[in-house]
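Trainee: I'd like to ask you about the structure that follows.
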Amino acid sequence: MSVRTMYAPGEPCWADLQTPDVAAAKDFYNRIFGWTYQDFPTPDGRSYAQAFVRGQLVATIAPQSPLQLQAGTAAKWNVYLAAGDAADLLEEAGHAGGTAQFGPEKVGDAGVLGFLAPPGGGTTGIWQPGSHYGSHLFNEPGALAWAELFTPQPQAAVGFFQQLFGHEVTEYPQDDGGSYSTLLIDGNEVAGVVPADEGDEADWQIYYGVADVAGAAAAAPAAGGHVLVEPDEHPADGSLATIKDPHGGVLNLIQVTEAQVP
């Protein structure tokens, strides 16, 4: 286990789930990842839960807003990119062809929150760290491992993130004539940008690591969820699956090797 202590601006640093039923989500993801929890009250008298892997913070499960509950909105996972100055990024979003959607909002001493979207859509969280810098584990079982934006305007989205964060870019041509783009920081790939299928709306796909993707996927139906994309017949590191929790939250699983403490 290798504990992260910081994230560079533009690097995915955190993910959380907004759900109509926090208790049910806690049970579901405990069965998938073995998460343990610590509950905290919300100002309106409800509660949210921090999720842990062997004592290391890896996610939050939070209640939906009253408007989301009234509308019957499905549960949704959000991803956050680390930000040096959230207010500056939100102001710059419009100049880069995107949209500032929410914030900046100070969250106690934890940090500053915002949401923006690149051209073509795809709500993207940004997080300016205070006492909370992000996931304590990364690319390990039970922790955030990767994120990629599916968008109808991939090149515009790539340019947007480059303008805001200074990402380098690598292009991987695909058999269908499109291109899979990766965003890099200091030569390391940190996120992907993928052309969306015709008619699909932009959205982030979020990946959490598991030591056994077949076993984790099999646990989803037993816990009341669904498997949307089955893992390979003989999964190995890098094998993928997609699951949906009982209230509609979609999450991707990727098989990873647990980091060993030297």
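Residue numbering restarts at 1 in every chain; chains get A, B, ... in the order shown in the structure tokens, and ligands count up from 1 in that same order.
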Report as a PyMOL selection string all protein, DNA and RNA residues lying within 10 Å of Gly84 (chain A), evaluated on only C-alpha atoms, omitting residues in the same chain fewer than 6 positions from it.
Mentor: chain A and resi 8-10+112+126-129+165
Trainee: Just asking: which residues within region 15-246 of chain A are strand (DSSP E) according to DSSP, as a VMD selection string?
Mentor: chain A and resid 15 to 19 36 to 41 47 to 53 56 to 63 76 to 82 99 to 107 111 to 117 124 to 129 144 to 151 168 to 173 179 to 185 188 to 195 203 to 210 226 to 229 240 to 244
Trainee: Figure out the distance between CA of Pro12 (chain A) and CA of Ala96 (chain A), please, to one decimal in Å.
Mentor: 19.6 Å
Trainee: Would you mind listing what lies within 7 Å of Thr124 (chain A) as a VMD selection string, with only C-alpha atoms counted and same-chain residues fewer than 2 positions away left out?
Mentor: chain A and resid 79 to 80 115 to 117 122 126
Trainee: Please indicate the distance in Å from CA of Glu11 (chain A) to CA of Leu184 (chain A), rounded to one decimal place.
Mentor: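 We find that CA of Glu11 (chain A) and CA of Leu184 (chain A) lie 8.6 Å from each other.
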Trainee: For CA of Val53 (chain A) and CA of Gly238 (chain A), determine how far apart the two atoms are, in Å to one decimal place.
Mentor: 20.4 Å
Trainee: Using only C-alpha atoms, find each residue in region 76-168 of chain A having at least one atom no more than 12 Å away from region 212-217 of chain A; report its shortest atom-to-atom pair and that distance in Å (one decimal), rows by chain then rising number, as a Markdown table.
Mentor:
```
| residue | atom | partner | partner_atom | distance |
| --- | --- | --- | --- | --- |
| A:Glu140 | CA | A:Asp212 | CA | 11.5 |
| A:Pro141 | CA | A:Asp212 | CA | 8.7 |
| A:Gly142 | CA | A:Ala216 | CA | 10.3 |
```
Trainee: Kindly export the residues of the current selection with N, CA, C and O atoms, as a compact mmCIF listing (two decimals), in the first residue's frame.
Mentor:
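Resulting contents of out.txt:
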```
# COMPACT_ATOMS: atom_id res chain seq x y z
N GLU A 140 -5.08 1.46 -6.64
CA GLU A 140 -4.98 0.30 -5.77
C GLU A 140 -6.38 -0.26 -5.53
O GLU A 140 -7.38 0.42 -5.79
N PRO A 141 -6.50 -1.50 -5.05
CA PRO A 141 -7.82 -2.06 -4.80
C PRO A 141 -8.66 -1.19 -3.86
O PRO A 141 -8.20 -0.77 -2.81
N GLY A 142 -9.88 -0.88 -4.30
CA GLY A 142 -10.79 -0.07 -3.52
C GLY A 142 -10.62 1.41 -3.68
O GLY A 142 -11.33 2.19 -3.03
```
Trainee: Quick one: everything within 12 Å of Val3 (chain A), counting only C-alpha atoms, minus sequence neighbours fewer than 5 positions away in the same chain. Send it as a list in words.
Mentor: Val53, Arg54, Gly55, Gln56, Leu57, Val58, Gly134, Ser135, His136, Leu137, Phe138, Asn139, Glu140, Ala143, Glu258, Ala259, Gln260 and Val261 of chain A
Trainee: Using only C-alpha atoms, please write the residues we just selected to a file, as a PDB file, in the first residue's frame.
Mentor:
```pdb
ATOM      1  CA  VAL A  53      -9.623   0.998   2.728  1.00  0.00           C
ATOM      2  CA  ARG A  54      -7.497  -0.207   5.668  1.00  0.00           C
ATOM      3  CA  GLY A  55      -7.895   3.158   7.347  1.00  0.00           C
ATOM      4  CA  GLN A  56      -7.112   5.214   4.227  1.00  0.00           C
ATOM      5  CA  LEU A  57      -9.761   7.603   2.866  1.00  0.00           C
ATOM      6  CA  VAL A  58     -10.842   6.741  -0.710  1.00  0.00           C
ATOM      7  CA  GLY A 134      -7.937  13.836  -2.212  1.00  0.00           C
ATOM      8  CA  SER A 135      -7.859  10.053  -2.132  1.00  0.00           C
ATOM      9  CA  HIS A 136      -5.196   8.632   0.166  1.00  0.00           C
ATOM     10  CA  LEU A 137      -4.763   5.693  -2.227  1.00  0.00           C
ATOM     11  CA  PHE A 138      -4.645   5.690  -6.020  1.00  0.00           C
ATOM     12  CA  ASN A 139      -4.621   2.849  -8.546  1.00  0.00           C
ATOM     13  CA  GLU A 140      -4.981   0.296  -5.767  1.00  0.00           C
ATOM     14  CA  ALA A 143      -9.434   3.283  -4.705  1.00  0.00           C
ATOM     15  CA  GLU A 258      -1.819  -3.935  -4.841  1.00  0.00           C
ATOM     16  CA  ALA A 259       1.267  -1.833  -4.194  1.00  0.00           C
ATOM     17  CA  GLN A 260       3.645  -3.424  -1.731  1.00  0.00           C
ATOM     18  CA  VAL A 261       5.189  -1.487   1.136  1.00  0.00           C
TER      19      VAL A 261
END
```
Trainee: In terms of the shortest atom-to-atom distance over only C-alpha atoms, which of A:Glu189, A:Pro119, A:Pro235, A:His132 is closest to Gly159 (chain A)?
Mentor: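 Using only C-alpha atoms, the shortest distance to Gly159 (chain A) belongs to A:Pro119.
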Trainee: Report as a CSV table (one decimal) with all heavy atoms, in the first residue's frame all protein, DNA and RNA residues lying within 8 Å of Thr242 (chain A), evaluated on only C-alpha atoms, omitting residues in the same chain fewer than 2 positions from it.
Mentor:
```csv
chain,number,residue,atom,x,y,z
A,217,ALA,N,-17.2,-8.0,-9.9
A,217,ALA,CA,-18.3,-7.9,-10.7
A,217,ALA,C,-19.4,-8.9,-10.3
A,217,ALA,O,-20.6,-8.6,-10.3
A,217,ALA,CB,-18.0,-8.2,-12.2
A,227,VAL,N,-24.5,-5.9,-13.5
A,227,VAL,CA,-23.3,-5.9,-14.3
A,227,VAL,C,-23.6,-5.4,-15.7
A,227,VAL,O,-24.4,-6.1,-16.4
A,227,VAL,CB,-22.6,-7.3,-14.4
A,227,VAL,CG1,-21.3,-7.2,-15.2
A,227,VAL,CG2,-22.2,-7.7,-13.0
A,228,LEU,N,-23.1,-4.2,-16.1
A,228,LEU,CA,-23.4,-3.7,-17.4
A,228,LEU,C,-22.4,-4.2,-18.4
A,228,LEU,O,-22.8,-4.4,-19.6
A,228,LEU,CB,-23.4,-2.2,-17.3
A,228,LEU,CG,-24.4,-1.5,-16.3
A,228,LEU,CD1,-24.3,0.0,-16.4
A,228,LEU,CD2,-25.8,-2.0,-16.6
A,229,VAL,N,-21.2,-4.3,-18.1
A,229,VAL,CA,-20.2,-4.9,-19.0
A,229,VAL,C,-19.4,-6.0,-18.2
A,229,VAL,O,-18.8,-5.7,-17.1
A,229,VAL,CB,-19.2,-3.8,-19.4
A,229,VAL,CG1,-18.1,-4.4,-20.3
A,229,VAL,CG2,-19.9,-2.7,-20.1
A,230,GLU,N,-19.5,-7.2,-18.7
A,230,GLU,CA,-18.9,-8.3,-18.0
A,230,GLU,C,-17.3,-8.3,-18.2
A,230,GLU,O,-16.8,-7.8,-19.2
A,230,GLU,CB,-19.4,-9.6,-18.6
A,230,GLU,CG,-20.9,-9.9,-18.4
A,230,GLU,CD,-21.1,-10.4,-17.0
A,230,GLU,OE1,-20.2,-10.7,-16.3
A,230,GLU,OE2,-22.3,-10.6,-16.7
A,240,LEU,N,-11.4,-5.0,-17.4
A,240,LEU,CA,-12.4,-4.0,-17.0
A,240,LEU,C,-13.7,-4.7,-16.8
A,240,LEU,O,-14.0,-5.8,-17.4
A,240,LEU,CB,-12.5,-3.0,-18.1
A,240,LEU,CG,-11.2,-2.2,-18.5
A,240,LEU,CD1,-11.5,-1.3,-19.6
A,240,LEU,CD2,-10.7,-1.4,-17.3
A,244,LYS,N,-23.6,-1.3,-12.0
A,244,LYS,CA,-24.5,-0.3,-11.6
A,244,LYS,C,-25.1,-0.6,-10.2
A,244,LYS,O,-25.5,-1.8,-10.0
A,244,LYS,CB,-25.6,-0.1,-12.6
A,244,LYS,CG,-26.6,1.0,-12.3
A,244,LYS,CD,-27.5,1.3,-13.5
A,244,LYS,CE,-28.5,0.2,-13.8
A,244,LYS,NZ,-29.5,0.6,-14.9
A,250,VAL,N,-23.3,4.3,-11.8
A,250,VAL,CA,-22.5,3.5,-12.6
A,250,VAL,C,-21.1,3.7,-12.3
A,250,VAL,O,-20.6,4.9,-12.2
A,250,VAL,CB,-22.8,3.8,-14.1
A,250,VAL,CG1,-21.9,3.0,-15.0
A,250,VAL,CG2,-24.3,3.5,-14.5
A,251,LEU,N,-20.3,2.6,-12.2
A,251,LEU,CA,-18.9,2.7,-11.8
A,251,LEU,C,-18.2,1.6,-12.6
A,251,LEU,O,-18.7,0.5,-12.7
A,251,LEU,CB,-18.7,2.5,-10.3
A,251,LEU,CG,-17.3,2.8,-9.8
A,251,LEU,CD1,-17.0,4.3,-9.9
A,251,LEU,CD2,-17.2,2.4,-8.3
A,252,ASN,N,-17.0,1.9,-13.1
A,252,ASN,CA,-16.2,0.9,-13.8
A,252,ASN,C,-15.1,0.3,-12.8
A,252,ASN,O,-14.7,1.0,-11.9
A,252,ASN,CB,-15.4,1.6,-14.9
A,252,ASN,CG,-16.4,2.2,-16.0
A,252,ASN,OD1,-16.9,1.4,-16.8
A,252,ASN,ND2,-16.6,3.5,-16.0
A,253,LEU,N,-14.8,-0.9,-13.0
A,253,LEU,CA,-13.9,-1.6,-12.2
A,253,LEU,C,-12.7,-2.0,-13.1
A,253,LEU,O,-12.8,-2.4,-14.2
A,253,LEU,CB,-14.4,-2.9,-11.7
A,253,LEU,CG,-15.8,-2.8,-10.9
A,253,LEU,CD1,-16.3,-4.2,-10.5
A,253,LEU,CD2,-15.6,-1.9,-9.7
```
Trainee: Apply DSSP to the backbone of this structure and, from region 15-159 of chain A, keep only the residues in alpha helix (DSSP H); write these as a JSON list (two decimals) with all heavy atoms, in the first residue's frame.
Mentor:
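Below is the file part_27.json, written as the result:
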```
[["chain", "number", "residue", "atom", "x", "y", "z"],
["A", 22, "VAL", "N", -28.11, 6.72, 1.13],
["A", 22, "VAL", "CA", -26.73, 6.57, 1.58],
["A", 22, "VAL", "C", -26.52, 5.21, 2.23],
["A", 22, "VAL", "O", -25.52, 4.53, 1.98],
["A", 22, "VAL", "CB", -26.35, 7.71, 2.54],
["A", 22, "VAL", "CG1", -24.99, 7.44, 3.20],
["A", 22, "VAL", "CG2", -26.31, 9.04, 1.79],
["A", 23, "ALA", "N", -27.44, 4.78, 3.06],
["A", 23, "ALA", "CA", -27.28, 3.51, 3.77],
["A", 23, "ALA", "C", -27.20, 2.34, 2.80],
["A", 23, "ALA", "O", -26.36, 1.43, 2.95],
["A", 23, "ALA", "CB", -28.43, 3.31, 4.76],
["A", 24, "ALA", "N", -28.07, 2.32, 1.79],
["A", 24, "ALA", "CA", -28.05, 1.24, 0.80],
["A", 24, "ALA", "C", -26.76, 1.26, -0.01],
["A", 24, "ALA", "O", -26.18, 0.20, -0.31],
["A", 24, "ALA", "CB", -29.26, 1.35, -0.13],
["A", 25, "ALA", "N", -26.29, 2.46, -0.36],
["A", 25, "ALA", "CA", -25.04, 2.55, -1.11],
["A", 25, "ALA", "C", -23.86, 2.07, -0.28],
["A", 25, "ALA", "O", -22.96, 1.40, -0.80],
["A", 25, "ALA", "CB", -24.82, 4.00, -1.57],
["A", 26, "LYS", "N", -23.85, 2.39, 0.99],
["A", 26, "LYS", "CA", -22.77, 1.92, 1.87],
["A", 26, "LYS", "C", -22.72, 0.41, 1.88],
["A", 26, "LYS", "O", -21.64, -0.20, 1.78],
["A", 26, "LYS", "CB", -22.97, 2.45, 3.29],
["A", 26, "LYS", "CG", -22.68, 3.92, 3.46],
["A", 26, "LYS", "CD", -23.14, 4.42, 4.82],
["A", 26, "LYS", "CE", -22.46, 3.71, 5.97],
["A", 26, "LYS", "NZ", -22.91, 4.22, 7.29],
["A", 27, "ASP", "N", -23.87, -0.22, 1.98],
["A", 27, "ASP", "CA", -23.90, -1.69, 2.00],
["A", 27, "ASP", "C", -23.42, -2.27, 0.68],
["A", 27, "ASP", "O", -22.61, -3.21, 0.64],
["A", 27, "ASP", "CB", -25.32, -2.17, 2.30],
["A", 27, "ASP", "CG", -25.43, -3.68, 2.30],
["A", 27, "ASP", "OD1", -24.86, -4.31, 3.21],
["A", 27, "ASP", "OD2", -26.07, -4.24, 1.38],
["A", 28, "PHE", "N", -23.88, -1.68, -0.43],
["A", 28, "PHE", "CA", -23.51, -2.20, -1.75],
["A", 28, "PHE", "C", -22.00, -2.12, -1.96],
["A", 28, "PHE", "O", -21.36, -3.12, -2.32],
["A", 28, "PHE", "CB", -24.24, -1.40, -2.83],
["A", 28, "PHE", "CG", -23.88, -1.82, -4.23],
["A", 28, "PHE", "CD1", -24.52, -2.91, -4.82],
["A", 28, "PHE", "CD2", -22.93, -1.14, -4.96],
["A", 28, "PHE", "CE1", -24.20, -3.31, -6.12],
["A", 28, "PHE", "CE2", -22.60, -1.53, -6.26],
["A", 28, "PHE", "CZ", -23.23, -2.62, -6.83],
["A", 29, "TYR", "N", -21.42, -0.96, -1.73],
["A", 29, "TYR", "CA", -19.99, -0.80, -2.02],
["A", 29, "TYR", "C", -19.10, -1.49, -0.98],
["A", 29, "TYR", "O", -17.96, -1.85, -1.30],
["A", 29, "TYR", "CB", -19.65, 0.67, -2.19],
["A", 29, "TYR", "CG", -20.25, 1.22, -3.48],
["A", 29, "TYR", "CD1", -21.40, 2.01, -3.46],
["A", 29, "TYR", "CD2", -19.71, 0.89, -4.71],
["A", 29, "TYR", "CE1", -21.97, 2.48, -4.63],
["A", 29, "TYR", "CE2", -20.27, 1.36, -5.89],
["A", 29, "TYR", "CZ", -21.40, 2.14, -5.85],
["A", 29, "TYR", "OH", -21.97, 2.59, -7.02],
["A", 30, "ASN", "N", -19.62, -1.72, 0.20],
["A", 30, "ASN", "CA", -18.89, -2.56, 1.15],
["A", 30, "ASN", "C", -18.75, -3.98, 0.59],
["A", 30, "ASN", "O", -17.68, -4.60, 0.71],
["A", 30, "ASN", "CB", -19.61, -2.60, 2.49],
["A", 30, "ASN", "CG", -19.08, -3.69, 3.40],
["A", 30, "ASN", "OD1", -19.63, -4.80, 3.46],
["A", 30, "ASN", "ND2", -18.00, -3.41, 4.11],
["A", 31, "ARG", "N", -19.77, -4.46, -0.06],
["A", 31, "ARG", "CA", -19.71, -5.81, -0.64],
["A", 31, "ARG", "C", -18.79, -5.87, -1.86],
["A", 31, "ARG", "O", -18.22, -6.93, -2.16],
["A", 31, "ARG", "CB", -21.11, -6.29, -1.02],
["A", 31, "ARG", "CG", -22.08, -6.37, 0.15],
["A", 31, "ARG", "CD", -23.30, -7.14, -0.22],
["A", 31, "ARG", "NE", -24.41, -6.93, 0.69],
["A", 31, "ARG", "CZ", -25.54, -7.63, 0.67],
["A", 31, "ARG", "NH1", -25.68, -8.59, -0.24],
["A", 31, "ARG", "NH2", -26.50, -7.38, 1.52],
["A", 32, "ILE", "N", -18.65, -4.76, -2.58],
["A", 32, "ILE", "CA", -17.79, -4.72, -3.75],
["A", 32, "ILE", "C", -16.33, -4.54, -3.36],
["A", 32, "ILE", "O", -15.43, -5.25, -3.83],
["A", 32, "ILE", "CB", -18.21, -3.60, -4.72],
["A", 32, "ILE", "CG1", -19.69, -3.74, -5.13],
["A", 32, "ILE", "CG2", -17.29, -3.58, -5.95],
["A", 32, "ILE", "CD1", -20.02, -5.02, -5.84],
["A", 33, "PHE", "N", -16.07, -3.55, -2.47],
["A", 33, "PHE", "CA", -14.70, -3.15, -2.16],
["A", 33, "PHE", "C", -14.25, -3.48, -0.74],
["A", 33, "PHE", "O", -13.07, -3.32, -0.43],
["A", 33, "PHE", "CB", -14.55, -1.63, -2.35],
["A", 33, "PHE", "CG", -14.82, -1.15, -3.74],
["A", 33, "PHE", "CD1", -15.84, -0.24, -3.98],
["A", 33, "PHE", "CD2", -14.05, -1.58, -4.81],
["A", 33, "PHE", "CE1", -16.09, 0.23, -5.26],
["A", 33, "PHE", "CE2", -14.30, -1.12, -6.10],
["A", 33, "PHE", "CZ", -15.32, -0.21, -6.32],
["A", 66, "PRO", "N", -32.29, 18.02, -2.14],
["A", 66, "PRO", "CA", -33.75, 17.87, -2.20],
["A", 66, "PRO", "C", -34.31, 17.96, -3.62],
["A", 66, "PRO", "O", -35.25, 17.24, -3.96],
["A", 66, "PRO", "CB", -34.24, 19.03, -1.33],
["A", 66, "PRO", "CG", -33.13, 19.25, -0.34],
["A", 66, "PRO", "CD", -31.88, 18.99, -1.12],
["A", 67, "LEU", "N", -33.73, 18.82, -4.47],
["A", 67, "LEU", "CA", -34.21, 18.92, -5.85],
["A", 67, "LEU", "C", -33.95, 17.63, -6.62],
["A", 67, "LEU", "O", -34.79, 17.18, -7.40],
["A", 67, "LEU", "CB", -33.54, 20.11, -6.55],
["A", 67, "LEU", "CG", -34.01, 21.49, -6.13],
["A", 67, "LEU", "CD1", -33.20, 22.57, -6.85],
["A", 67, "LEU", "CD2", -35.50, 21.67, -6.42],
["A", 68, "GLN", "N", -32.78, 17.02, -6.40],
["A", 68, "GLN", "CA", -32.49, 15.76, -7.06],
["A", 68, "GLN", "C", -33.44, 14.66, -6.59],
["A", 68, "GLN", "O", -33.91, 13.85, -7.39],
["A", 68, "GLN", "CB", -31.04, 15.35, -6.79],
["A", 68, "GLN", "CG", -30.01, 16.20, -7.51],
["A", 68, "GLN", "CD", -28.59, 15.90, -7.06],
["A", 68, "GLN", "OE1", -28.34, 15.69, -5.86],
["A", 68, "GLN", "NE2", -27.66, 15.85, -8.00],
["A", 69, "LEU", "N", -33.70, 14.64, -5.30],
["A", 69, "LEU", "CA", -34.62, 13.65, -4.76],
["A", 69, "LEU", "C", -36.02, 13.83, -5.33],
["A", 69, "LEU", "O", -36.68, 12.86, -5.71],
["A", 69, "LEU", "CB", -34.67, 13.74, -3.23],
["A", 69, "LEU", "CG", -33.41, 13.27, -2.48],
["A", 69, "LEU", "CD1", -33.50, 13.66, -1.01],
["A", 69, "LEU", "CD2", -33.25, 11.77, -2.61],
["A", 70, "GLN", "N", -36.47, 15.08, -5.41],
["A", 70, "GLN", "CA", -37.81, 15.35, -5.93],
["A", 70, "GLN", "C", -37.93, 14.95, -7.39],
["A", 70, "GLN", "O", -38.97, 14.46, -7.83],
["A", 70, "GLN", "CB", -38.12, 16.84, -5.77],
["A", 70, "GLN", "CG", -39.54, 17.22, -6.16],
["A", 70, "GLN", "CD", -39.82, 18.70, -5.90],
["A", 70, "GLN", "OE1", -38.95, 19.43, -5.47],
["A", 70, "GLN", "NE2", -41.05, 19.11, -6.19],
["A", 71, "ALA", "N", -36.84, 15.12, -8.14],
["A", 71, "ALA", "CA", -36.85, 14.77, -9.56],
["A", 71, "ALA", "C", -36.65, 13.29, -9.82],
["A", 71, "ALA", "O", -36.78, 12.83, -10.96],
["A", 71, "ALA", "CB", -35.78, 15.57, -10.29],
["A", 86, "ALA", "N", -9.32, 27.41, -7.52],
["A", 86, "ALA", "CA", -10.61, 27.05, -8.10],
["A", 86, "ALA", "C", -11.29, 28.27, -8.71],
["A", 86, "ALA", "O", -11.91, 28.17, -9.78],
["A", 86, "ALA", "CB", -11.50, 26.41, -7.03],
["A", 87, "ALA", "N", -11.22, 29.40, -8.05],
["A", 87, "ALA", "CA", -11.87, 30.61, -8.56],
["A", 87, "ALA", "C", -11.30, 31.00, -9.91],
["A", 87, "ALA", "O", -12.04, 31.35, -10.84],
["A", 87, "ALA", "CB", -11.73, 31.75, -7.55],
["A", 88, "ASP", "N", -9.98, 30.96, -10.06],
["A", 88, "ASP", "CA", -9.35, 31.30, -11.33],
["A", 88, "ASP", "C", -9.78, 30.33, -12.44],
["A", 88, "ASP", "O", -10.03, 30.74, -13.58],
["A", 88, "ASP", "CB", -7.83, 31.28, -11.19],
["A", 88, "ASP", "CG", -7.29, 32.54, -10.53],
["A", 88, "ASP", "OD1", -8.09, 33.47, -10.27],
["A", 88, "ASP", "OD2", -6.07, 32.58, -10.26],
["A", 89, "LEU", "N", -9.85, 29.04, -12.11],
["A", 89, "LEU", "CA", -10.24, 28.06, -13.12],
["A", 89, "LEU", "C", -11.68, 28.28, -13.58],
["A", 89, "LEU", "O", -11.98, 28.19, -14.78],
["A", 89, "LEU", "CB", -10.10, 26.64, -12.56],
["A", 89, "LEU", "CG", -8.69, 26.10, -12.40],
["A", 89, "LEU", "CD1", -8.72, 24.74, -11.73],
["A", 89, "LEU", "CD2", -7.96, 26.02, -13.73],
["A", 90, "LEU", "N", -12.56, 28.58, -12.66],
["A", 90, "LEU", "CA", -13.96, 28.82, -13.02],
["A", 90, "LEU", "C", -14.09, 30.07, -13.89],
["A", 90, "LEU", "O", -14.89, 30.11, -14.83],
["A", 90, "LEU", "CB", -14.82, 28.94, -11.77],
["A", 90, "LEU", "CG", -15.01, 27.63, -11.00],
["A", 90, "LEU", "CD1", -15.51, 27.88, -9.59],
["A", 90, "LEU", "CD2", -15.98, 26.71, -11.74],
["A", 91, "GLU", "N", -13.29, 31.08, -13.60],
["A", 91, "GLU", "CA", -13.31, 32.29, -14.42],
["A", 91, "GLU", "C", -12.74, 32.00, -15.81],
["A", 91, "GLU", "O", -13.24, 32.50, -16.83],
["A", 91, "GLU", "CB", -12.51, 33.39, -13.74],
["A", 91, "GLU", "CG", -12.53, 34.71, -14.49],
["A", 91, "GLU", "CD", -11.83, 35.82, -13.75],
["A", 91, "GLU", "OE1", -11.48, 35.62, -12.57],
["A", 91, "GLU", "OE2", -11.61, 36.88, -14.36],
["A", 92, "GLU", "N", -11.70, 31.18, -15.88],
["A", 92, "GLU", "CA", -11.04, 30.88, -17.14],
["A", 92, "GLU", "C", -11.88, 29.94, -18.01],
["A", 92, "GLU", "O", -11.71, 29.91, -19.24],
["A", 92, "GLU", "CB", -9.68, 30.24, -16.86],
["A", 92, "GLU", "CG", -8.85, 29.89, -18.09],
["A", 92, "GLU", "CD", -8.39, 31.11, -18.87],
["A", 92, "GLU", "OE1", -8.40, 32.22, -18.29],
["A", 92, "GLU", "OE2", -8.05, 30.97, -20.04],
["A", 93, "ALA", "N", -12.80, 29.17, -17.40],
["A", 93, "ALA", "CA", -13.56, 28.16, -18.14],
["A", 93, "ALA", "C", -14.28, 28.76, -19.34],
["A", 93, "ALA", "O", -14.27, 28.19, -20.45],
["A", 93, "ALA", "CB", -14.56, 27.46, -17.21],
["A", 94, "GLY", "N", -14.92, 29.92, -19.16],
["A", 94, "GLY", "CA", -15.63, 30.54, -20.27],
["A", 94, "GLY", "C", -14.70, 31.00, -21.37],
["A", 94, "GLY", "O", -15.01, 30.86, -22.56],
["A", 95, "HIS", "N", -13.53, 31.52, -21.01],
["A", 95, "HIS", "CA", -12.56, 31.96, -22.02],
["A", 95, "HIS", "C", -12.01, 30.78, -22.82],
["A", 95, "HIS", "O", -11.57, 30.95, -23.97],
["A", 95, "HIS", "CB", -11.41, 32.70, -21.34],
["A", 95, "HIS", "CG", -11.81, 33.90, -20.56],
["A", 95, "HIS", "ND1", -12.52, 34.95, -21.11],
["A", 95, "HIS", "CD2", -11.65, 34.21, -19.25],
["A", 95, "HIS", "CE1", -12.74, 35.87, -20.19],
["A", 95, "HIS", "NE2", -12.24, 35.44, -19.05],
["A", 154, "PRO", "N", -14.32, 15.80, -28.66],
["A", 154, "PRO", "CA", -13.10, 15.42, -27.94],
["A", 154, "PRO", "C", -11.94, 16.40, -28.12],
["A", 154, "PRO", "O", -11.23, 16.71, -27.16],
["A", 154, "PRO", "CB", -12.76, 14.04, -28.52],
["A", 154, "PRO", "CG", -13.49, 13.97, -29.82],
["A", 154, "PRO", "CD", -14.72, 14.77, -29.64],
["A", 155, "GLN", "N", -11.73, 16.89, -29.33],
["A", 155, "GLN", "CA", -10.59, 17.79, -29.53],
["A", 155, "GLN", "C", -10.80, 19.12, -28.82],
["A", 155, "GLN", "O", -9.86, 19.71, -28.27],
["A", 155, "GLN", "CB", -10.33, 17.98, -31.03],
["A", 155, "GLN", "CG", -9.84, 16.72, -31.71],
["A", 155, "GLN", "CD", -8.65, 16.08, -31.00],
["A", 155, "GLN", "OE1", -7.66, 16.75, -30.72],
["A", 155, "GLN", "NE2", -8.75, 14.79, -30.70],
["A", 156, "ALA", "N", -12.03, 19.62, -28.83],
["A", 156, "ALA", "CA", -12.32, 20.85, -28.10],
["A", 156, "ALA", "C", -12.14, 20.65, -26.60],
["A", 156, "ALA", "O", -11.63, 21.54, -25.90],
["A", 156, "ALA", "CB", -13.74, 21.32, -28.41],
["A", 157, "ALA", "N", -12.54, 19.48, -26.10],
["A", 157, "ALA", "CA", -12.37, 19.20, -24.67],
["A", 157, "ALA", "C", -10.89, 19.11, -24.32],
["A", 157, "ALA", "O", -10.46, 19.64, -23.28],
["A", 157, "ALA", "CB", -13.09, 17.91, -24.30],
["A", 158, "VAL", "N", -10.09, 18.47, -25.17],
["A", 158, "VAL", "CA", -8.66, 18.38, -24.92],
["A", 158, "VAL", "C", -8.05, 19.78, -24.85],
["A", 158, "VAL", "O", -7.27, 20.10, -23.94],
["A", 158, "VAL", "CB", -7.97, 17.53, -26.02],
["A", 158, "VAL", "CG1", -6.46, 17.71, -25.97],
["A", 158, "VAL", "CG2", -8.32, 16.06, -25.84],
["A", 159, "GLY", "N", -8.41, 20.64, -25.81],
["A", 159, "GLY", "CA", -7.89, 22.01, -25.81],
["A", 159, "GLY", "C", -8.31, 22.78, -24.57],
["A", 159, "GLY", "O", -7.53, 23.58, -24.03]]
```
